[in-house]
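Participant: Supplied structure: data_7.txt, compact mmCIF, C-alpha atoms and all ligand atoms.
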```
# COMPACT_ATOMS: atom_id res chain seq x y z
CA MET A 112 15.72 -41.57 -10.48
CA VAL A 113 18.58 -44.08 -10.38
CA ALA A 114 20.40 -43.93 -7.05
CA ARG A 115 23.70 -45.63 -8.03
CA VAL A 116 24.78 -46.31 -4.44
CA THR A 117 28.36 -47.65 -4.41
CA ARG A 118 29.21 -47.72 -0.71
CA ILE A 119 27.18 -48.09 2.48
CA LEU A 120 28.46 -47.31 5.95
CA CYS A 121 26.69 -49.49 8.52
CA VAL A 122 26.83 -47.79 11.93
CA GLY A 123 26.96 -49.53 15.31
CA VAL A 124 25.31 -48.25 18.50
CA ASP A 125 26.60 -50.76 21.08
CA ALA A 126 28.96 -53.75 21.27
CA GLY A 127 26.47 -56.21 19.75
CA ALA A 128 25.39 -53.95 16.89
CA SER A 129 29.01 -53.03 16.19
CA ALA A 130 29.98 -56.70 15.88
CA SER A 131 26.99 -57.26 13.55
CA ALA A 132 28.01 -54.26 11.42
CA VAL A 133 31.55 -55.63 11.07
CA SER A 134 30.27 -59.09 10.22
CA LEU A 135 27.95 -57.64 7.56
CA ALA A 136 30.76 -55.51 6.13
CA SER A 137 33.13 -58.47 5.97
CA ARG A 138 30.52 -60.45 3.99
CA ILE A 139 29.44 -57.69 1.59
CA GLY A 140 32.53 -55.98 0.35
CA GLY A 141 35.33 -56.26 -2.10
CA GLU A 142 34.05 -56.79 -5.60
CA LYS A 143 30.40 -56.43 -4.69
CA MET A 144 28.61 -53.14 -5.24
CA PRO A 145 27.38 -51.53 -3.16
CA ALA A 146 30.11 -52.45 -0.72
CA VAL A 147 29.34 -52.28 3.00
CA TRP A 148 31.70 -50.76 5.56
CA ALA A 149 31.33 -50.61 9.32
CA SER A 150 31.52 -48.12 12.16
CA VAL A 151 31.88 -49.33 15.75
CA GLY A 152 31.06 -47.60 19.02
CA ILE A 153 28.58 -46.91 21.81
CA HIS A 154 25.69 -44.46 21.32
CA PRO A 155 24.98 -42.07 24.23
CA ASN A 156 21.49 -43.54 24.66
CA TYR A 157 22.97 -47.01 25.21
CA ALA A 158 26.05 -46.12 27.26
CA HIS A 159 24.35 -47.00 30.56
CA GLN A 160 23.57 -50.53 29.33
CA GLU A 161 27.20 -51.37 28.75
CA ARG A 162 28.38 -54.69 30.17
CA PRO A 163 31.91 -55.56 31.30
CA GLY A 164 34.05 -56.29 28.25
CA ASP A 165 31.85 -54.38 25.77
CA TRP A 166 34.31 -51.53 25.27
CA GLU A 167 37.24 -53.92 24.96
CA SER A 168 35.38 -55.85 22.26
CA ILE A 169 34.77 -52.60 20.35
CA VAL A 170 38.46 -51.71 20.57
CA ALA A 171 39.31 -55.21 19.31
CA LEU A 172 37.01 -54.75 16.30
CA THR A 173 39.12 -51.78 15.15
CA THR A 174 42.25 -53.88 14.78
CA ASN A 175 43.06 -55.39 11.42
CA SER A 176 43.86 -58.74 13.02
CA HIS A 177 40.15 -59.14 13.83
CA VAL A 178 38.06 -60.79 11.11
CA GLY A 179 36.43 -57.90 9.30
CA GLY A 180 38.50 -55.34 11.22
CA SER A 181 39.90 -54.00 7.96
CA ARG A 182 36.30 -53.00 7.05
CA VAL A 183 35.97 -50.68 10.07
CA CYS A 184 36.37 -47.14 8.78
CA ALA A 185 34.91 -45.09 11.66
CA LEU A 186 34.07 -44.95 15.38
CA GLY A 187 30.58 -44.33 16.69
CA GLU A 188 28.03 -43.32 16.54
CA THR A 189 28.68 -41.72 19.87
CA GLY A 190 28.16 -38.32 21.44
CA LEU A 191 25.77 -36.54 23.78
CA ASP A 192 21.97 -36.54 23.99
CA ARG A 193 19.80 -34.40 26.24
CA TYR A 194 16.58 -35.17 24.34
CA TRP A 195 16.06 -38.75 25.45
CA ASP A 196 18.14 -38.49 28.59
CA ASP A 197 18.13 -42.29 28.95
CA CYS A 198 21.65 -42.29 30.26
CA PRO A 199 23.22 -40.11 33.02
CA PHE A 200 25.01 -37.22 31.31
CA GLU A 201 28.32 -37.88 33.09
CA VAL A 202 28.31 -41.45 31.73
CA GLN A 203 27.66 -40.06 28.24
CA LYS A 204 30.57 -37.63 28.55
CA LYS A 205 33.03 -40.33 29.66
CA ASN A 206 31.84 -42.59 26.86
CA PHE A 207 32.30 -39.79 24.30
CA THR A 208 35.80 -38.96 25.54
CA ARG A 209 37.14 -42.50 25.20
CA HIS A 210 35.98 -42.64 21.56
CA TRP A 211 38.22 -39.59 20.93
CA GLU A 212 41.14 -41.32 22.66
CA LEU A 213 40.55 -44.33 20.41
CA SER A 214 40.28 -42.02 17.39
CA ARG A 215 43.69 -40.56 18.17
CA SER A 216 45.31 -43.98 18.60
CA THR A 217 43.68 -45.60 15.54
CA GLY A 218 43.36 -42.60 13.19
CA LEU A 219 39.67 -43.49 12.68
CA PRO A 220 37.16 -40.60 12.39
CA VAL A 221 34.30 -40.24 14.91
CA ILE A 222 30.61 -40.17 13.94
CA ILE A 223 29.13 -37.66 16.38
CA HIS A 224 25.54 -37.70 17.64
CA SER A 225 24.40 -34.45 19.26
CA ARG A 226 20.86 -33.73 20.34
CA ASP A 227 19.60 -30.79 22.41
CA CYS A 228 22.99 -30.10 23.95
CA ASP A 229 24.86 -27.60 21.73
CA ALA A 230 26.73 -25.90 24.57
CA GLU A 231 27.90 -29.15 26.19
CA MET A 232 28.83 -30.63 22.82
CA LEU A 233 30.92 -27.61 21.81
CA ASP A 234 32.63 -27.69 25.21
CA ALA A 235 33.48 -31.37 24.80
CA LEU A 236 34.74 -30.84 21.24
CA ARG A 237 36.87 -27.83 22.25
CA ASN A 238 38.44 -30.03 24.91
CA GLU A 239 39.35 -32.71 22.38
CA TYR A 240 40.56 -30.06 19.93
CA LYS A 241 43.34 -29.25 22.39
CA HIS A 242 44.94 -32.49 21.16
CA GLY A 243 44.79 -31.30 17.54
CA GLU A 244 42.45 -31.12 14.57
CA LEU A 245 39.36 -33.31 14.99
CA ARG A 246 38.57 -36.11 12.51
CA GLY A 247 34.87 -36.74 12.42
CA VAL A 248 31.39 -35.75 11.35
CA MET A 249 28.42 -34.09 13.05
CA HIS A 250 25.88 -36.64 11.88
CA SER A 251 22.24 -35.86 11.02
CA PHE A 252 23.01 -32.22 11.72
CA SER A 253 20.08 -30.18 13.05
CA SER A 254 21.59 -27.17 14.80
CA THR A 255 22.58 -23.62 13.88
CA LEU A 256 25.03 -22.19 11.35
CA GLU A 257 27.12 -20.86 14.21
CA VAL A 258 27.53 -24.35 15.71
CA ALA A 259 28.24 -25.86 12.29
CA LEU A 260 30.95 -23.31 11.48
CA GLU A 261 32.71 -23.81 14.81
CA CYS A 262 32.68 -27.58 14.20
CA VAL A 263 34.09 -27.02 10.70
CA ALA A 264 36.81 -24.78 12.15
CA MET A 265 37.85 -27.65 14.45
CA GLY A 266 38.17 -29.97 11.43
CA LEU A 267 34.76 -31.67 11.38
CA TYR A 268 32.39 -32.47 8.51
CA ILE A 269 28.65 -31.75 8.60
CA SER A 270 26.23 -34.45 7.46
CA PHE A 271 22.60 -33.88 6.48
CA SER A 272 19.85 -36.48 6.69
CA GLY A 273 16.38 -36.43 5.13
CA MET A 274 15.49 -33.55 7.48
CA LEU A 275 17.15 -31.30 4.89
CA THR A 276 14.25 -31.99 2.53
CA TYR A 277 11.40 -31.21 4.94
CA LYS A 278 9.25 -28.29 3.94
CA LYS A 279 9.59 -26.33 7.16
CA ASN A 280 13.35 -26.70 7.33
CA ASP A 281 14.53 -23.49 5.61
CA VAL A 282 16.90 -22.87 8.51
CA LEU A 283 18.73 -26.16 7.91
CA ARG A 284 18.88 -25.52 4.14
CA ASP A 285 20.44 -22.14 4.92
CA VAL A 286 23.12 -23.92 6.98
CA ALA A 287 23.74 -26.36 4.11
CA ALA A 288 24.13 -23.42 1.72
CA LYS A 289 26.88 -21.86 3.83
CA ILE A 290 29.12 -24.78 4.88
CA PRO A 291 32.41 -25.05 2.97
CA GLU A 292 31.75 -27.43 0.07
CA ASP A 293 34.55 -29.81 1.04
CA ARG A 294 32.85 -30.57 4.40
CA LEU A 295 29.36 -31.58 3.23
CA LEU A 296 27.94 -35.09 3.53
CA VAL A 297 24.52 -36.74 3.20
CA GLU A 298 23.26 -39.77 5.14
CA THR A 299 20.16 -41.80 5.85
CA ASP A 300 20.26 -41.93 9.68
CA CYS A 301 18.05 -44.95 9.06
CA PRO A 302 15.57 -46.38 9.84
CA TYR A 303 13.92 -42.95 10.32
CA LEU A 304 14.10 -39.54 8.63
CA SER A 305 13.28 -40.67 5.09
CA PRO A 306 13.55 -37.69 2.72
CA GLU A 307 10.71 -36.05 0.81
CA PRO A 308 8.97 -37.22 -1.35
CA LYS A 309 9.41 -40.63 0.34
CA ARG A 310 8.96 -39.39 3.88
CA ALA A 311 6.42 -42.08 4.76
CA THR A 312 8.78 -44.89 3.64
CA ARG A 313 10.16 -47.16 6.40
CA PRO A 314 12.87 -48.12 6.72
CA ASN A 315 14.82 -45.28 5.22
CA GLU A 316 17.54 -46.73 2.98
CA PRO A 317 20.63 -45.61 1.05
CA SER A 318 18.88 -45.43 -2.34
CA LEU A 319 16.65 -42.66 -0.96
CA MET A 320 19.70 -40.42 -0.43
CA VAL A 321 19.34 -39.34 -4.02
CA HIS A 322 16.46 -37.11 -2.83
CA THR A 323 18.50 -35.56 -0.03
CA GLY A 324 21.32 -35.02 -2.51
CA GLU A 325 18.94 -33.35 -4.91
CA VAL A 326 17.88 -30.80 -2.27
CA LEU A 327 21.49 -30.21 -1.26
CA GLY A 328 22.32 -29.60 -4.93
CA LYS A 329 19.47 -27.11 -5.21
CA VAL A 330 20.65 -25.01 -2.27
CA ARG A 331 24.26 -25.09 -3.58
CA GLY A 332 23.40 -24.52 -7.25
CA TRP A 333 24.87 -27.91 -8.28
CA THR A 334 23.55 -30.59 -10.59
CA ILE A 335 22.79 -33.99 -9.09
CA ALA A 336 25.99 -35.34 -10.67
CA GLU A 337 28.10 -32.56 -9.15
CA THR A 338 26.47 -33.10 -5.76
CA ALA A 339 27.15 -36.84 -5.88
CA GLU A 340 30.73 -36.28 -6.98
CA ARG A 341 31.45 -33.76 -4.22
CA THR A 342 29.75 -35.56 -1.33
CA THR A 343 31.38 -38.85 -2.40
CA ALA A 344 34.81 -37.21 -2.53
CA ASN A 345 34.20 -35.74 0.93
CA ALA A 346 33.09 -39.11 2.34
CA LEU A 347 36.17 -40.85 0.93
CA ARG A 348 38.46 -38.17 2.36
CA LEU A 349 36.89 -38.52 5.81
CA PHE A 350 36.35 -42.30 5.83
CA SER A 351 39.65 -42.87 4.09
CA LYS A 352 39.69 -46.66 4.56
CA MET A 353 36.63 -46.86 2.27
CA ARG A 354 38.71 -46.16 -0.82
ZN ZN B 401 22.47 -40.21 15.96
```
The structure in this file should be written as structure tokens.
Facilitator:
Amino acid sequence: MVARVTRILCVGVDAGASASAVSLASRIGGEKMPAVWASVGIHPNYAHQERPGDWESIVALTTNSHVGGSRVCALGETGLDRYWDDCPFEVQKKNFTRHWELSRSTGLPVIIHSRDCDAEMLDALRNEYKHGELRGVMHSFSSTLEVALECVAMGLYISFSGMLTYKKNDVLRDVAAKIPEDRLLVETDCPYLSPEPKRATRPNEPSLMVHTGEVLGKVRGWTIAETAERTTANALRLFSKMR
């Protein structure tokens, strides 16, 4: 199957990785296909390792005056994580909140990581929603339909990784079947979570998303072309600088 990837969003997890993502995006863009775009931010599992100046350098990367800054189309990934618990939860919460402040001042959407903390995540999102509709995506979604629909109601998109293709994951496919079609995305969440039938492949890479898209199409009753068209349109609406 030909994957026909046209755009890749390279996601940062700390100050160093964010700078690398921007540098990569500034080198592979424009006329080249696939074009690379960058997201900058601090992941909850790395928030405790932050050094003085890290956050300021991430903020600087979002400005167009920075080399490659015009290729930054999102913030994150950031969020909350109770699974690894590497970082004190209060530090995670503060880190998450300032990404939303930056989202409001820059207009950039937030890529949201949420693991084993549905209640705390919904609380945090409801808090931010007081400022208005949220721009962002619940990335590599793995929770319930109820959580997904509340996120959608607050303005968010729902993105599915290769987990959508795993045999035992009927529950997740049921969620994907019931999300409004203009809020659906697919992603690698690389290097892990390669989709079936390439589950053993490492690293996971954008060309493999054709398999995740195929499963999404099956649960929605869409052809592969319709699935690609719709998820691409959704991605370009959310990550509007990618256009
Ligand atoms: Zn994540």
Participant: Got a sec to check which residues lie within 7 Å of ligand ZN 401 (chain B), using all atoms listed in the file, and send them as an NGL selection string?
Facilitator: :A and (188 or 224-225 or 250-251 or 300)
Participant: Residues at most 10 Å from Lys289 of chain A, counting all atoms listed in the file, excluding those fewer than 5 positions away in the same chain, as a VMD selection string?
Facilitator: chain A and resid 256 259 to 260 284 330 to 331
Participant: Pick the closest to Ser181 of chain A from A:His322, A:Arg246, A:Arg348, A:Arg354: which is it, counting only C-alpha atoms?
Facilitator: A:Arg354
Participant: Just checking: using all atoms listed in the file, which residue out of A:Glu316, A:Met265, A:Val221, A:Arg294 ends up closest to Asp234 of chain A?
Facilitator: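 Of A:Glu316, A:Met265, A:Val221, A:Arg294, the one nearest Asp234 of chain A is A:Met265, counting all atoms listed in the file.
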Participant: Set the distance at 12 Å and use all atoms listed in the file: which residues neighbour Asp281 of chain A once local chain neighbours fewer than 3 positions away are removed? I'd like the list as a VMD selection string.
Facilitator: chain A and resid 253 255 274 to 278 284 to 288 326 to 327 330
